[in-house]
Protein chains: 4
Amino acid sequence: MRIRKSGSPRVDPVPAAGIAERYLAVRRATMALARPLSAEDCALQSMPDASPAKWHFAHTTWFFETFVLAGRAPAFDPAYRVLFNSYYESVGEKHPRAERGMLSRPGLEEVLAYRRHVDEAMPELLAREPDATLAAVIELGLHHEQQHQELILTDIKHLFSRNPAKPAYQKQWPLTPIRARKARWLPFAGGLCEIGHAGPGFAFDNEGPRHRVWLEPYEIASHPVTHGDFLDFIDDGGYRRPELWLSAGWDAVRARGWQAPEYWERIGSEWHTFTLHGRVAIDRNTPICHVSFFEAEAYARWAKARLPTEAEWEVAASGLPLGGNFLESGALHPLALREDPAPAAPAQAFGDVWEWTRSDYAPYPGYRPPPGAIGEYNGKFMCGQYVLRGGSCATPANHIRASYRNFFPPDARWQFSGLRLARG
Amino acid sequence: MRIRKSGSPRVDPVPAAGIAERYLAVRRATMALARPLSAEDCALQSMPDASPAKWHFAHTTWFFETFVLAGRAPAFDPAYRVLFNSYYESVGEKHPRAERGMLSRPGLEEVLAYRRHVDEAMPELLAREPDATLAAVIELGLHHEQQHQELILTDIKHLFSRNPAKPAYQKQWPLTPIRARKARWLPFAGGLCEIGHAGPGFAFDNEGPRHRVWLEPYEIASHPVTHGDFLDFIDDGGYRRPELWLSAGWDAVRARGWQAPEYWERIGSEWHTFTLHGRVAIDRNTPICHVSFFEAEAYARWAKARLPTEAEWEVAASGLPLGGNFLESGALHPLALREDPAPAAPAQAFGDVWEWTRSDYAPYPGYRPPPGAIGEYNGKFMCGQYVLRGGSCATPANHIRASYRNFFPPDARWQFSGLRLARG
Amino acid sequence: MRIRKSGSPRVDPVPAAGIAERYLAVRRATMALARPLSAEDCALQSMPDASPAKWHFAHTTWFFETFVLAGRAPAFDPAYRVLFNSYYESVGEKHPRAERGMLSRPGLEEVLAYRRHVDEAMPELLAREPDATLAAVIELGLHHEQQHQELILTDIKHLFSRNPAKPAYQKQWPLTPIRARKARWLPFAGGLCEIGHAGPGFAFDNEGPRHRVWLEPYEIASHPVTHGDFLDFIDDGGYRRPELWLSAGWDAVRARGWQAPEYWERIGSEWHTFTLHGRVAIDRNTPICHVSFFEAEAYARWAKARLPTEAEWEVAASGLPLGGNFLESGALHPLALREDPAPAAPAQAFGDVWEWTRSDYAPYPGYRPPPGAIGEYNGKFMCGQYVLRGGSCATPANHIRASYRNFFPPDARWQFSGLRLARG
Amino acid sequence: MRIRKSGSPRVDPVPAAGIAERYLAVRRATMALARPLSAEDCALQSMPDASPAKWHFAHTTWFFETFVLAGRAPAFDPAYRVLFNSYYESVGEKHPRAERGMLSRPGLEEVLAYRRHVDEAMPELLAREPDATLAAVIELGLHHEQQHQELILTDIKHLFSRNPAKPAYQKQWPLTPIRARKARWLPFAGGLCEIGHAGPGFAFDNEGPRHRVWLEPYEIASHPVTHGDFLDFIDDGGYRRPELWLSAGWDAVRARGWQAPEYWERIGSEWHTFTLHGRVAIDRNTPICHVSFFEAEAYARWAKARLPTEAEWEVAASGLPLGGNFLESGALHPLALREDPAPAAPAQAFGDVWEWTRSDYAPYPGYRPPPGAIGEYNGKFMCGQYVLRGGSCATPANHIRASYRNFFPPDARWQFSGLRLARG
């Protein structure tokens, strides 16, 4: 019995062209992600950290309606101002995050109508060549929506994992296995370096100001840690040896009974994992994902290495081409590297998995959030989270940069989060 | 935009005729309740005590597939045996109750197909004149499904109340207001009485054996306590005076910040309540509902009376006609009495609101649960709950009896639960 | 190193004589219980349900100061009115129950001075032949203090059990083991019986009014269930078979990981338990104790029997002599019966262990709590608890009666609570 | 009635002389802190973060017995190895932190005997001129004990604050009030600086290695923020304005109902606070204390400034004399500055209050914890905590350095924690 629309969620790349084209391309890409989902799939919330897909569809629209259209077009529904506000205290009341899954209404169709309503109002505005301030907010809204594209996938993955039937988001597995590559150490001289965003392209406020940092010489691994590497850690008692863990990490291991990364399940003598293609056997040669900062940090200690700081990571990744396994590949899972990597450059720095760094998410020297509600976008979360770099297999390709700072609490595991070792 | 099927959820009465006709009528009545609901409405779970409507549709079907069809027809989906088992340990594993809202799949359409699958297999069985044991299980399954019809409504009401838009299940309000009637005391002699079910009709196991009880003389009120009566209690500081409450009740008042029955909301100076027709002003003349045992018991103390025991209630209600405001009336809310009541008989004993009694839910002398999984139906819940009698505006008309024992924990408020006073 | 006063906590029997003598005897008996305890032992609170011994010493004194001395003597310390109020809302504010263990001050010595202060003021009052109302309150205060004597022991036992050193309250073990006795069924005719207190002696308000109940014929076991009986239940998978348990009981088993009664610990292949004499091996022939209502009820089902109702228990115990293993024996643990029991009478009905009944703690017909704060003593707890009968090895000998109703929630295990089977 | 030893807890300075003298001086200083406390005061635990004083007395002794005496002397009691292990996984089992308040035994006298036992064994060892490794561990043990001296005071303060009688640890208040001083901005040039410990004196492992950091030019306030400054923040709606707070901080404000720093209480129209001298009115001119990182950070935003990084703080404090209001002053509360401060140097950098920095507690470049159990001392806590600098009025005078890194979670308030502003 067919209850869901057929077809794959294939997402087309966003063109580099004008903002009007990009607006439509980004909005279309979001809708492409909805293709394999039923209205019911889009309505459920599997944990307070995750949101229903329907909420993501509406909230990204709310962003444009609230911050761009503002008084320029009639509100689709005044109640949405509260309902789809995520965390902007300056905008006013908001529906509680943990109750996003209590809303069977508005239904998916109404939310899609809301999207169309806003999408019809925007082009006129875009055609009139918006002033710089407004253009900056639109640009922010597009990058904001791309962030939510990734969350739609990770949140649906989490929801589906709670279903005993382990449904697949799309059925394209098995991906061709590729042989392993042994990681090598790549040396960096350090010294007085610069990090942070500068220049004409878009960046979030938290990526600046560009500033100087002093780095001692260090080495960084040529490849991310793989599932196979991590299996060795597990087999060596990694989850049973407190001396490998930060104290808070060891508390998490015991309190939650962690014995493997999120989504892993031992069937007979073999480990499996849950993917957006359903349950599959572990492929040793792909980058490890769905590990917390705690697990990444413990793994690094076990491997007699450490996590890089975010400055070390950024200096190493600066100047690398931004290619990789992103959302548009359709793999929706980290892959082993297929081509030969450049000899002295980190491979897979972009795409596949977000890489935990040892840096807490803090303001750069001289950082000031912009005034108004937009100032709540990033700055107020600078506490208790750790920085991840490089994007993942669920990140849109044109959404990543060497200076991009993602951040999650140290126990978060439902993102495509992995790691790369450093030493020195 | 229309996203839900139009039409009212009008439920037709179940004929007294043969079991095959009754099977179809009960099953159709359940589906009638689904009419105003979207797939998303049916998928969400608003609290661990409540279940998604979809789950109710499936579980009542599971009951027939598991206990009646058993090996007689191929399973629709073997996974459903676990997924839609409510609490039958003897049947095996069950999906955790608090996670019923994690299942976007099977979707509503699959669940409806499941219902059709079983509904197609049953008639053949019913035509073959089932033996007495099987007939008893089918009968139980029909009464079981009628219990869930009431829960579908109370659970949807709870879900909709969590939505800031306060959606209506059906829009038929306002119901015609009727003038108040003052309750009188009706005397009963007590002595050696008999309670419990006996005779040829259906009854749940917990209604027997019929047995003798000794009652001192008592009086019982001619009508249930009304919204107006309860407003007087609130205005007299009812929720602020610990001396009116059981200790555990007062703990609940403070821990949950109770200031009025469930679903009440003060707008300006006036109290409103949430109904299946949306938010409405309080009608003083209708029976109070959505009060816990604690609130009923405190009200009775304030009114210098008490709750009746279940034996007192049953003796008073024995022999009364079983008419009243039930599910089939379509009111879906307690109503003020329209006709003149019989002079010496309790009015509104059946329908409108379940009436809390002072009796904990315990086994009658000589009670033995039946062997096998069916034995888990009632007996194992005989602890920590209080008995309610008489059915409500959400109870199917042919589902009630004087001996019927409903039961809920003393803090439950989401049922149509009210009270009638007693003294002596 | 000696840090605690030497000597045993031997408690002398309270004389039947005049109230002045009894006052002094009861007060002395409380102090005798303090003998093996350090100031630190008396200050700690091991769970919200249990109180520090120091608090018991002070609260029982507060009872006399508040309800008897009232304005008749200067308050020892006005702050104590709040600090040592247990649950009397009519008296005003009270220090939160769960924070009784936050009070290092007043220290034990101040609390003992408080006791002396009140003990010096009372005799004068007692000498002046108090009027009937006051005499009744004093009498209540003495029985109240005897209830707390039992709690002092059960609360200290719980505290000591949390200490890895498993300290002994007194070192008098081993008690002489006695051979087993097989329980027989004793028949009772039932019919129209009377239960509840009547007559000149003291009783709590909840024991009346005396009233008629109808009982079907039943049988009751000649002896309480023993540790050996309960071991058989465990060995037969008692804690692993959901079909033996009430639903709420099975939830408790899983949520708390119960595998045996409170204080049991398996060392090697043998079960041990923690007693007021330290850790000891299980003695099969002694009455089982420290089981919850849930465990008692499950055991009874496993034994193809049931718990008696409180009316059945009281009718069976009426007229029996009130002898048994009480606080004054100094055993502080249930014992196997030493003498030959009377042939047709229940043995060990009084003392050794409180016996769970199947009756929830509810008001008797016609029950009215007395006016004022004293009315809060019993009535407001009549919800969610089950009745226990007969007293235990920690109950003062002259504190028990056939009509005495003790009550605890169904999951409570830290009292000396056991059971006796019934059937029919 | 006298139940506690008289006399003040005056702590004498620790001599700079030989290690044997210093050992005795530190151990004596701990005991001096016990002087105003009863055995009951020393036994109670007021929250999982705080420990009973008795536990501190024992644990600091355990450190010497476990890491210094080891096999060299018979164990006082083998059970103490587990009982008084704080968090050393390599040493083996440990009594759960949250249950330190369940131990009435060993009593205070036994714990004092334990101290004497170890103090008698140590001198012999110290006399024999320990080798460098052992000397380093002894040195660490002395600094460890000094850390616990501060915790004894802050934990007792917390315990006493939970007592409605608000007892005083010592009665020496009022401290002489001093006029306010307005803070000035002191400029620092930044550039390539060095921080971290180097040289012959003692430092914890987390203070090294000394390393280079690049700092942009910055300014730092001449004085810590005062109680008066913080009152202005409160009066300006500081606790009601989400835009001033980090998101996690605002969550804490709402979840815990914070309206002022820990220990504050509004009596009539005036704010009071609880001190080790009892409850006192707020003195505007003294440094603010008992604020969390969240409150410090919000205050700084309100003041249009920011918290310094730990590198900025250390560079500013380098070379300053280590004088200030420490434990030995006996004030046990932050004081307003009495002398004229040096013109261009930060005043009150040492003593009075620990100053929150904006730096999370992370490893310095090249940091490696020492091998073995001692390696658990600091490194494993480097996650989710923020660095505080400078010591407080409860810190022993010779225990502080410019490179000293204290650390607490961002919501901790029971330490003497305040702040100093920075900008640029």
# chains A, B, ... in the order shown; residues from 1 in each chain; ligands from 1
$ select_by_dssp --residues "range 140-343 of chain D" --states "strand (DSSP E or B)" --output "PyMOL selection string"
chain D and resi 185-188+191-195+211-215+218-221+226+264-267+270-275+278-281+287+306
$ residues_around --residues "Arg81 in chain B" --least-positions-apart "4" --cutoff "8 Å" --atoms "only C-alpha atoms" --output "PyMOL selection string"
chain B and resi 62+66+77+85+94
$ residues_around --residues "Val225 in chain B" --least-positions-apart "4" --cutoff "6 Å" --atoms "only C-alpha atoms" --output "list in words"
Pro287, Leu419 and Arg420 of chain B
$ write_last_selection --atoms "C-alpha atoms" --output "tab-separated table (two decimals), in the first residue's frame"
chain	number	residue	atom	x	y	z
B	287	PRO	CA	-22.62	18.37	35.74
B	419	LEU	CA	-19.39	13.15	41.39
B	420	ARG	CA	-22.62	12.79	43.30
$ atom_distance --atom1 "CA of Arg181 in chain B" --atom2 "CA of Ala336 in chain B"
8.4 Å
$ select_by_dssp --residues "range 151-390 of chain C" --states "helix (DSSP H, G or I)" --output "PyMOL selection string"
chain C and resi 151-161+205-207+227-235+238-240+242-244+247-256+293-302+310-317+327-329+373-376+379-381
$ atom_distance --atom1 "CA of Ala248 in chain A" --atom2 "CA of Ser46 in chain D"
21.9 Å
$ interface_residues --of "chain C" --to "chain B" --cutoff "6 Å" --atoms "only C-alpha atoms" --output "PyMOL selection string"
chain C and resi 213-214+246-247+380-381+384
$ write_last_selection --atoms "all heavy atoms" --output "JSON list (two decimals), in the first residue's frame"
[["chain", "number", "residue", "atom", "x", "y", "z"],
["C", 213, "VAL", "N", -20.19, -5.67, 59.41],
["C", 213, "VAL", "CA", -19.73, -6.01, 58.05],
["C", 213, "VAL", "C", -20.22, -7.43, 57.76],
["C", 213, "VAL", "O", -20.39, -8.24, 58.68],
["C", 213, "VAL", "CB", -18.19, -6.00, 57.90],
["C", 213, "VAL", "CG1", -17.64, -4.59, 58.04],
["C", 213, "VAL", "CG2", -17.54, -6.93, 58.92],
["C", 214, "TRP", "N", -20.46, -7.70, 56.51],
["C", 214, "TRP", "CA", -20.84, -9.06, 56.12],
["C", 214, "TRP", "C", -19.62, -9.77, 55.56],
["C", 214, "TRP", "O", -18.95, -9.26, 54.65],
["C", 214, "TRP", "CB", -21.93, -9.02, 55.05],
["C", 214, "TRP", "CG", -22.33, -10.42, 54.64],
["C", 214, "TRP", "CD1", -21.85, -11.15, 53.62],
["C", 214, "TRP", "CD2", -23.27, -11.24, 55.32],
["C", 214, "TRP", "NE1", -22.42, -12.38, 53.58],
["C", 214, "TRP", "CE2", -23.31, -12.47, 54.63],
["C", 214, "TRP", "CE3", -24.10, -11.07, 56.45],
["C", 214, "TRP", "CZ2", -24.15, -13.53, 55.02],
["C", 214, "TRP", "CZ3", -24.93, -12.12, 56.84],
["C", 214, "TRP", "CH2", -24.95, -13.34, 56.13],
["C", 246, "LEU", "N", 0.48, -7.72, 40.77],
["C", 246, "LEU", "CA", -0.33, -6.59, 40.34],
["C", 246, "LEU", "C", 0.48, -5.76, 39.35],
["C", 246, "LEU", "O", 1.72, -5.73, 39.43],
["C", 246, "LEU", "CB", -0.70, -5.72, 41.55],
["C", 246, "LEU", "CG", -1.72, -6.36, 42.50],
["C", 246, "LEU", "CD1", -1.79, -5.59, 43.81],
["C", 246, "LEU", "CD2", -3.10, -6.39, 41.83],
["C", 247, "SER", "N", -0.19, -5.09, 38.47],
["C", 247, "SER", "CA", 0.51, -4.30, 37.46],
["C", 247, "SER", "C", 1.43, -3.26, 38.10],
["C", 247, "SER", "O", 2.60, -3.12, 37.73],
["C", 247, "SER", "CB", -0.52, -3.63, 36.55],
["C", 247, "SER", "OG", 0.11, -2.87, 35.58],
["C", 380, "LYS", "N", -6.80, 12.34, 57.18],
["C", 380, "LYS", "CA", -6.38, 12.88, 55.90],
["C", 380, "LYS", "C", -5.43, 11.95, 55.12],
["C", 380, "LYS", "O", -5.06, 12.25, 53.99],
["C", 380, "LYS", "CB", -5.76, 14.27, 56.07],
["C", 380, "LYS", "CG", -4.40, 14.31, 56.69],
["C", 380, "LYS", "CD", -3.96, 15.78, 56.80],
["C", 380, "LYS", "CE", -2.56, 15.92, 57.35],
["C", 380, "LYS", "NZ", -2.19, 17.33, 57.53],
["C", 381, "PHE", "N", -5.05, 10.86, 55.76],
["C", 381, "PHE", "CA", -4.16, 9.91, 55.07],
["C", 381, "PHE", "C", -4.92, 8.75, 54.43],
["C", 381, "PHE", "O", -4.31, 7.80, 53.96],
["C", 381, "PHE", "CB", -3.11, 9.40, 56.04],
["C", 381, "PHE", "CG", -2.26, 10.51, 56.58],
["C", 381, "PHE", "CD1", -2.38, 10.92, 57.90],
["C", 381, "PHE", "CD2", -1.40, 11.20, 55.75],
["C", 381, "PHE", "CE1", -1.63, 11.98, 58.38],
["C", 381, "PHE", "CE2", -0.64, 12.26, 56.23],
["C", 381, "PHE", "CZ", -0.76, 12.66, 57.55],
["C", 384, "GLY", "N", -4.71, 5.75, 49.12],
["C", 384, "GLY", "CA", -3.48, 5.23, 48.52],
["C", 384, "GLY", "C", -2.61, 4.42, 49.46],
["C", 384, "GLY", "O", -1.45, 4.16, 49.15]]
$ residues_around --residues "range 392-394 of chain A" --least-positions-apart "6" --cutoff "9 Å" --atoms "only C-alpha atoms" --output "NGL selection string"
:A and (149-151 or 153-154 or 324-335 or 350-355 or 415-417)
$ residues_around --residues "Ser51 in chain C" --least-positions-apart "2" --cutoff "8 Å" --atoms "only C-alpha atoms" --output "tab-separated table (two decimals) with N, CA, C and O atoms, in the first residue's frame"
chain	number	residue	atom	x	y	z
C	44	LEU	N	21.10	12.25	61.16
C	44	LEU	CA	21.05	12.00	59.71
C	44	LEU	C	19.69	11.48	59.25
C	44	LEU	O	18.99	10.80	59.99
C	45	GLN	N	19.36	11.81	58.02
C	45	GLN	CA	18.11	11.36	57.40
C	45	GLN	C	18.47	10.57	56.15
C	45	GLN	O	19.09	11.10	55.25
C	46	SER	N	18.01	9.32	56.09
C	46	SER	CA	18.48	8.46	55.00
C	46	SER	C	17.56	8.45	53.79
C	46	SER	O	17.94	7.97	52.74
C	47	MET	N	16.34	8.92	53.96
C	47	MET	CA	15.42	9.06	52.81
C	47	MET	C	14.28	9.95	53.27
C	47	MET	O	14.07	10.14	54.46
C	48	PRO	N	13.52	10.52	52.33
C	48	PRO	CA	12.44	11.44	52.75
C	48	PRO	C	11.41	10.77	53.67
C	48	PRO	O	10.86	11.42	54.54
C	49	ASP	N	11.17	9.47	53.49
C	49	ASP	CA	10.19	8.79	54.34
C	49	ASP	C	10.65	8.62	55.78
C	49	ASP	O	9.83	8.44	56.68
C	53	ALA	N	16.56	10.42	64.19
C	53	ALA	CA	16.10	10.08	65.55
C	53	ALA	C	15.91	11.36	66.37
C	53	ALA	O	14.94	11.49	67.11
C	55	TRP	N	14.95	14.18	65.40
C	55	TRP	CA	13.67	14.77	65.03
C	55	TRP	C	12.52	14.05	65.74
C	55	TRP	O	11.60	14.69	66.24
C	56	HIS	N	12.58	12.73	65.82
C	56	HIS	CA	11.54	11.99	66.55
C	56	HIS	C	11.52	12.42	68.02
C	56	HIS	O	10.45	12.61	68.60
C	97	ARG	N	9.56	18.10	55.22
C	97	ARG	CA	9.90	16.74	55.64
C	97	ARG	C	11.24	16.26	55.09
C	97	ARG	O	12.05	15.69	55.81
C	100	ARG	N	14.55	17.42	56.96
C	100	ARG	CA	14.80	17.20	58.39
C	100	ARG	C	16.25	16.85	58.66
C	100	ARG	O	16.74	17.05	59.76
C	101	GLY	N	16.92	16.35	57.65
C	101	GLY	CA	18.32	16.00	57.82
C	101	GLY	C	19.28	17.15	57.53
C	101	GLY	O	20.48	16.95	57.45
C	152	ILE	N	11.58	5.23	65.26
C	152	ILE	CA	12.99	5.48	65.58
C	152	ILE	C	13.81	4.25	65.20
C	152	ILE	O	14.87	4.36	64.56
C	155	ASP	N	13.73	3.64	61.30
C	155	ASP	CA	14.48	4.67	60.58
C	155	ASP	C	15.99	4.53	60.82
C	155	ASP	O	16.79	4.73	59.89
$ residues_around --residues "range 278-282 of chain C" --least-positions-apart "6" --cutoff "12 Å" --atoms "only C-alpha atoms" --output "NGL selection string"
:C and (156-158 or 160-161 or 163-175 or 177 or 226-231 or 260-261 or 263-272 or 288-289 or 332-335)
$ write_last_selection --atoms "C-alpha atoms" --output "PDB file, in the first residue's frame"
ATOM      1  CA  ILE C 156      17.791   3.969  62.306  1.00  0.00           C
ATOM      2  CA  LYS C 157      17.813   0.547  60.720  1.00  0.00           C
ATOM      3  CA  HIS C 158      17.400   2.149  57.316  1.00  0.00           C
ATOM      4  CA  PHE C 160      22.589   2.051  59.186  1.00  0.00           C
ATOM      5  CA  SER C 161      21.828  -0.081  56.144  1.00  0.00           C
ATOM      6  CA  ASN C 163      26.486   2.648  55.689  1.00  0.00           C
ATOM      7  CA  PRO C 164      28.913   0.245  53.986  1.00  0.00           C
ATOM      8  CA  ALA C 165      30.196  -0.752  57.446  1.00  0.00           C
ATOM      9  CA  LYS C 166      26.704  -2.117  58.264  1.00  0.00           C
ATOM     10  CA  PRO C 167      26.864  -1.068  61.917  1.00  0.00           C
ATOM     11  CA  ALA C 168      24.746  -2.853  64.514  1.00  0.00           C
ATOM     12  CA  TYR C 169      22.312  -0.959  66.696  1.00  0.00           C
ATOM     13  CA  GLN C 170      22.867  -3.571  69.393  1.00  0.00           C
ATOM     14  CA  LYS C 171      25.041  -6.654  69.342  1.00  0.00           C
ATOM     15  CA  GLN C 172      22.964  -9.465  70.818  1.00  0.00           C
ATOM     16  CA  TRP C 173      22.750 -11.797  67.881  1.00  0.00           C
ATOM     17  CA  PRO C 174      22.571 -14.742  67.312  1.00  0.00           C
ATOM     18  CA  LEU C 175      19.056 -15.323  68.577  1.00  0.00           C
ATOM     19  CA  PRO C 177      17.004 -20.674  66.121  1.00  0.00           C
ATOM     20  CA  THR C 226       8.226 -17.323  57.058  1.00  0.00           C
ATOM     21  CA  HIS C 227      11.555 -16.397  55.552  1.00  0.00           C
ATOM     22  CA  GLY C 228      11.779 -19.990  54.355  1.00  0.00           C
ATOM     23  CA  ASP C 229       8.433 -19.788  52.596  1.00  0.00           C
ATOM     24  CA  PHE C 230       9.535 -16.619  50.907  1.00  0.00           C
ATOM     25  CA  LEU C 231      12.835 -18.145  49.805  1.00  0.00           C
ATOM     26  CA  ALA C 260      14.372  -9.923  47.236  1.00  0.00           C
ATOM     27  CA  PRO C 261      12.896  -8.120  50.265  1.00  0.00           C
ATOM     28  CA  TYR C 263      17.864  -5.405  53.267  1.00  0.00           C
ATOM     29  CA  TRP C 264      18.552  -8.762  51.630  1.00  0.00           C
ATOM     30  CA  GLU C 265      21.924  -9.319  50.057  1.00  0.00           C
ATOM     31  CA  ARG C 266      23.237 -12.404  48.370  1.00  0.00           C
ATOM     32  CA  ILE C 267      26.743 -13.295  49.508  1.00  0.00           C
ATOM     33  CA  GLY C 268      28.070 -16.155  47.455  1.00  0.00           C
ATOM     34  CA  SER C 269      25.197 -18.572  47.183  1.00  0.00           C
ATOM     35  CA  GLU C 270      23.472 -17.569  50.384  1.00  0.00           C
ATOM     36  CA  TRP C 271      21.045 -14.821  51.261  1.00  0.00           C
ATOM     37  CA  HIS C 272      21.761 -12.524  54.171  1.00  0.00           C
ATOM     38  CA  ILE C 288       9.272 -12.806  56.738  1.00  0.00           C
ATOM     39  CA  CYS C 289       9.572  -9.027  57.102  1.00  0.00           C
ATOM     40  CA  LEU C 332      14.148  -6.314  67.636  1.00  0.00           C
ATOM     41  CA  HIS C 333      13.615  -8.917  64.967  1.00  0.00           C
ATOM     42  CA  PRO C 334      10.777 -11.359  64.259  1.00  0.00           C
ATOM     43  CA  LEU C 335      11.222 -14.729  65.968  1.00  0.00           C
TER      44      LEU C 335
END
$ residues_around --residues "Phe202 in chain A" --least-positions-apart "5" --cutoff "12 Å" --atoms "only C-alpha atoms" --output "CSV table (one decimal) with N, CA, C and O atoms, in the first residue's frame"
chain,number,residue,atom,x,y,z
A,135,ALA,N,19.4,42.7,2.3
A,135,ALA,CA,20.1,41.6,1.5
A,135,ALA,C,20.9,40.7,2.5
A,135,ALA,O,20.9,39.5,2.4
A,136,ALA,N,21.5,41.3,3.5
A,136,ALA,CA,22.3,40.5,4.5
A,136,ALA,C,21.3,39.6,5.2
A,136,ALA,O,21.7,38.5,5.6
A,137,VAL,N,20.1,40.1,5.6
A,137,VAL,CA,19.2,39.2,6.3
A,137,VAL,C,18.7,38.1,5.5
A,137,VAL,O,18.6,37.0,5.9
A,138,ILE,N,18.4,38.4,4.2
A,138,ILE,CA,18.0,37.3,3.3
A,138,ILE,C,19.1,36.3,3.2
A,138,ILE,O,18.8,35.1,3.3
A,139,GLU,N,20.3,36.7,3.0
A,139,GLU,CA,21.4,35.8,2.9
A,139,GLU,C,21.5,34.9,4.2
A,139,GLU,O,21.6,33.7,4.1
A,140,LEU,N,21.3,35.6,5.3
A,140,LEU,CA,21.3,34.8,6.6
A,140,LEU,C,20.2,33.8,6.6
A,140,LEU,O,20.4,32.7,7.0
A,141,GLY,N,19.0,34.2,6.1
A,141,GLY,CA,17.9,33.3,6.1
A,141,GLY,C,18.1,32.1,5.2
A,141,GLY,O,17.7,31.0,5.6
A,142,LEU,N,18.9,32.3,4.1
A,142,LEU,CA,19.2,31.1,3.3
A,142,LEU,C,20.2,30.2,4.0
A,142,LEU,O,20.0,29.0,3.9
A,143,HIS,N,21.2,30.7,4.6
A,143,HIS,CA,22.1,29.9,5.3
A,143,HIS,C,21.4,29.2,6.5
A,143,HIS,O,21.7,28.1,6.9
A,144,HIS,N,20.5,30.0,7.1
A,144,HIS,CA,19.7,29.4,8.2
A,144,HIS,C,18.9,28.2,7.7
A,144,HIS,O,18.9,27.2,8.4
A,197,HIS,N,36.8,34.5,9.7
A,197,HIS,CA,36.3,34.9,8.4
A,197,HIS,C,36.7,36.3,8.1
A,197,HIS,O,36.7,37.2,8.9
A,207,GLU,N,32.0,33.7,13.2
A,207,GLU,CA,33.2,33.3,12.5
A,207,GLU,C,34.2,34.5,12.5
A,207,GLU,O,35.3,34.3,11.9
A,208,GLY,N,33.8,35.6,13.0
A,208,GLY,CA,34.7,36.7,13.1
A,208,GLY,C,34.8,37.4,14.4
A,208,GLY,O,34.1,36.9,15.4
A,398,ASN,N,27.3,24.1,-0.7
A,398,ASN,CA,27.8,25.5,-0.7
A,398,ASN,C,27.6,26.2,0.6
A,398,ASN,O,27.6,27.4,0.7
A,399,HIS,N,27.4,25.4,1.6
A,399,HIS,CA,27.1,26.0,3.0
A,399,HIS,C,28.3,25.9,3.9
A,399,HIS,O,28.2,26.4,5.0
A,400,ILE,N,29.4,25.4,3.4
A,400,ILE,CA,30.6,25.2,4.3
A,400,ILE,C,31.7,26.1,3.9
A,400,ILE,O,31.8,26.6,2.8
A,401,ARG,N,32.6,26.3,4.9
A,401,ARG,CA,33.8,27.1,4.7
A,401,ARG,C,34.8,26.6,5.7
A,401,ARG,O,34.4,26.0,6.8
A,403,SER,N,36.2,28.4,7.8
A,403,SER,CA,36.0,29.2,9.1
A,403,SER,C,34.7,28.9,9.8
A,403,SER,O,34.4,29.4,10.9
A,404,TYR,N,33.9,28.0,9.2
A,404,TYR,CA,32.6,27.6,9.7
A,404,TYR,C,32.7,27.0,11.1
A,404,TYR,O,33.4,26.0,11.2
$ atom_distance --atom1 "CA of Val26 in chain C" --atom2 "CA of Val14 in chain C"
6.3 Å
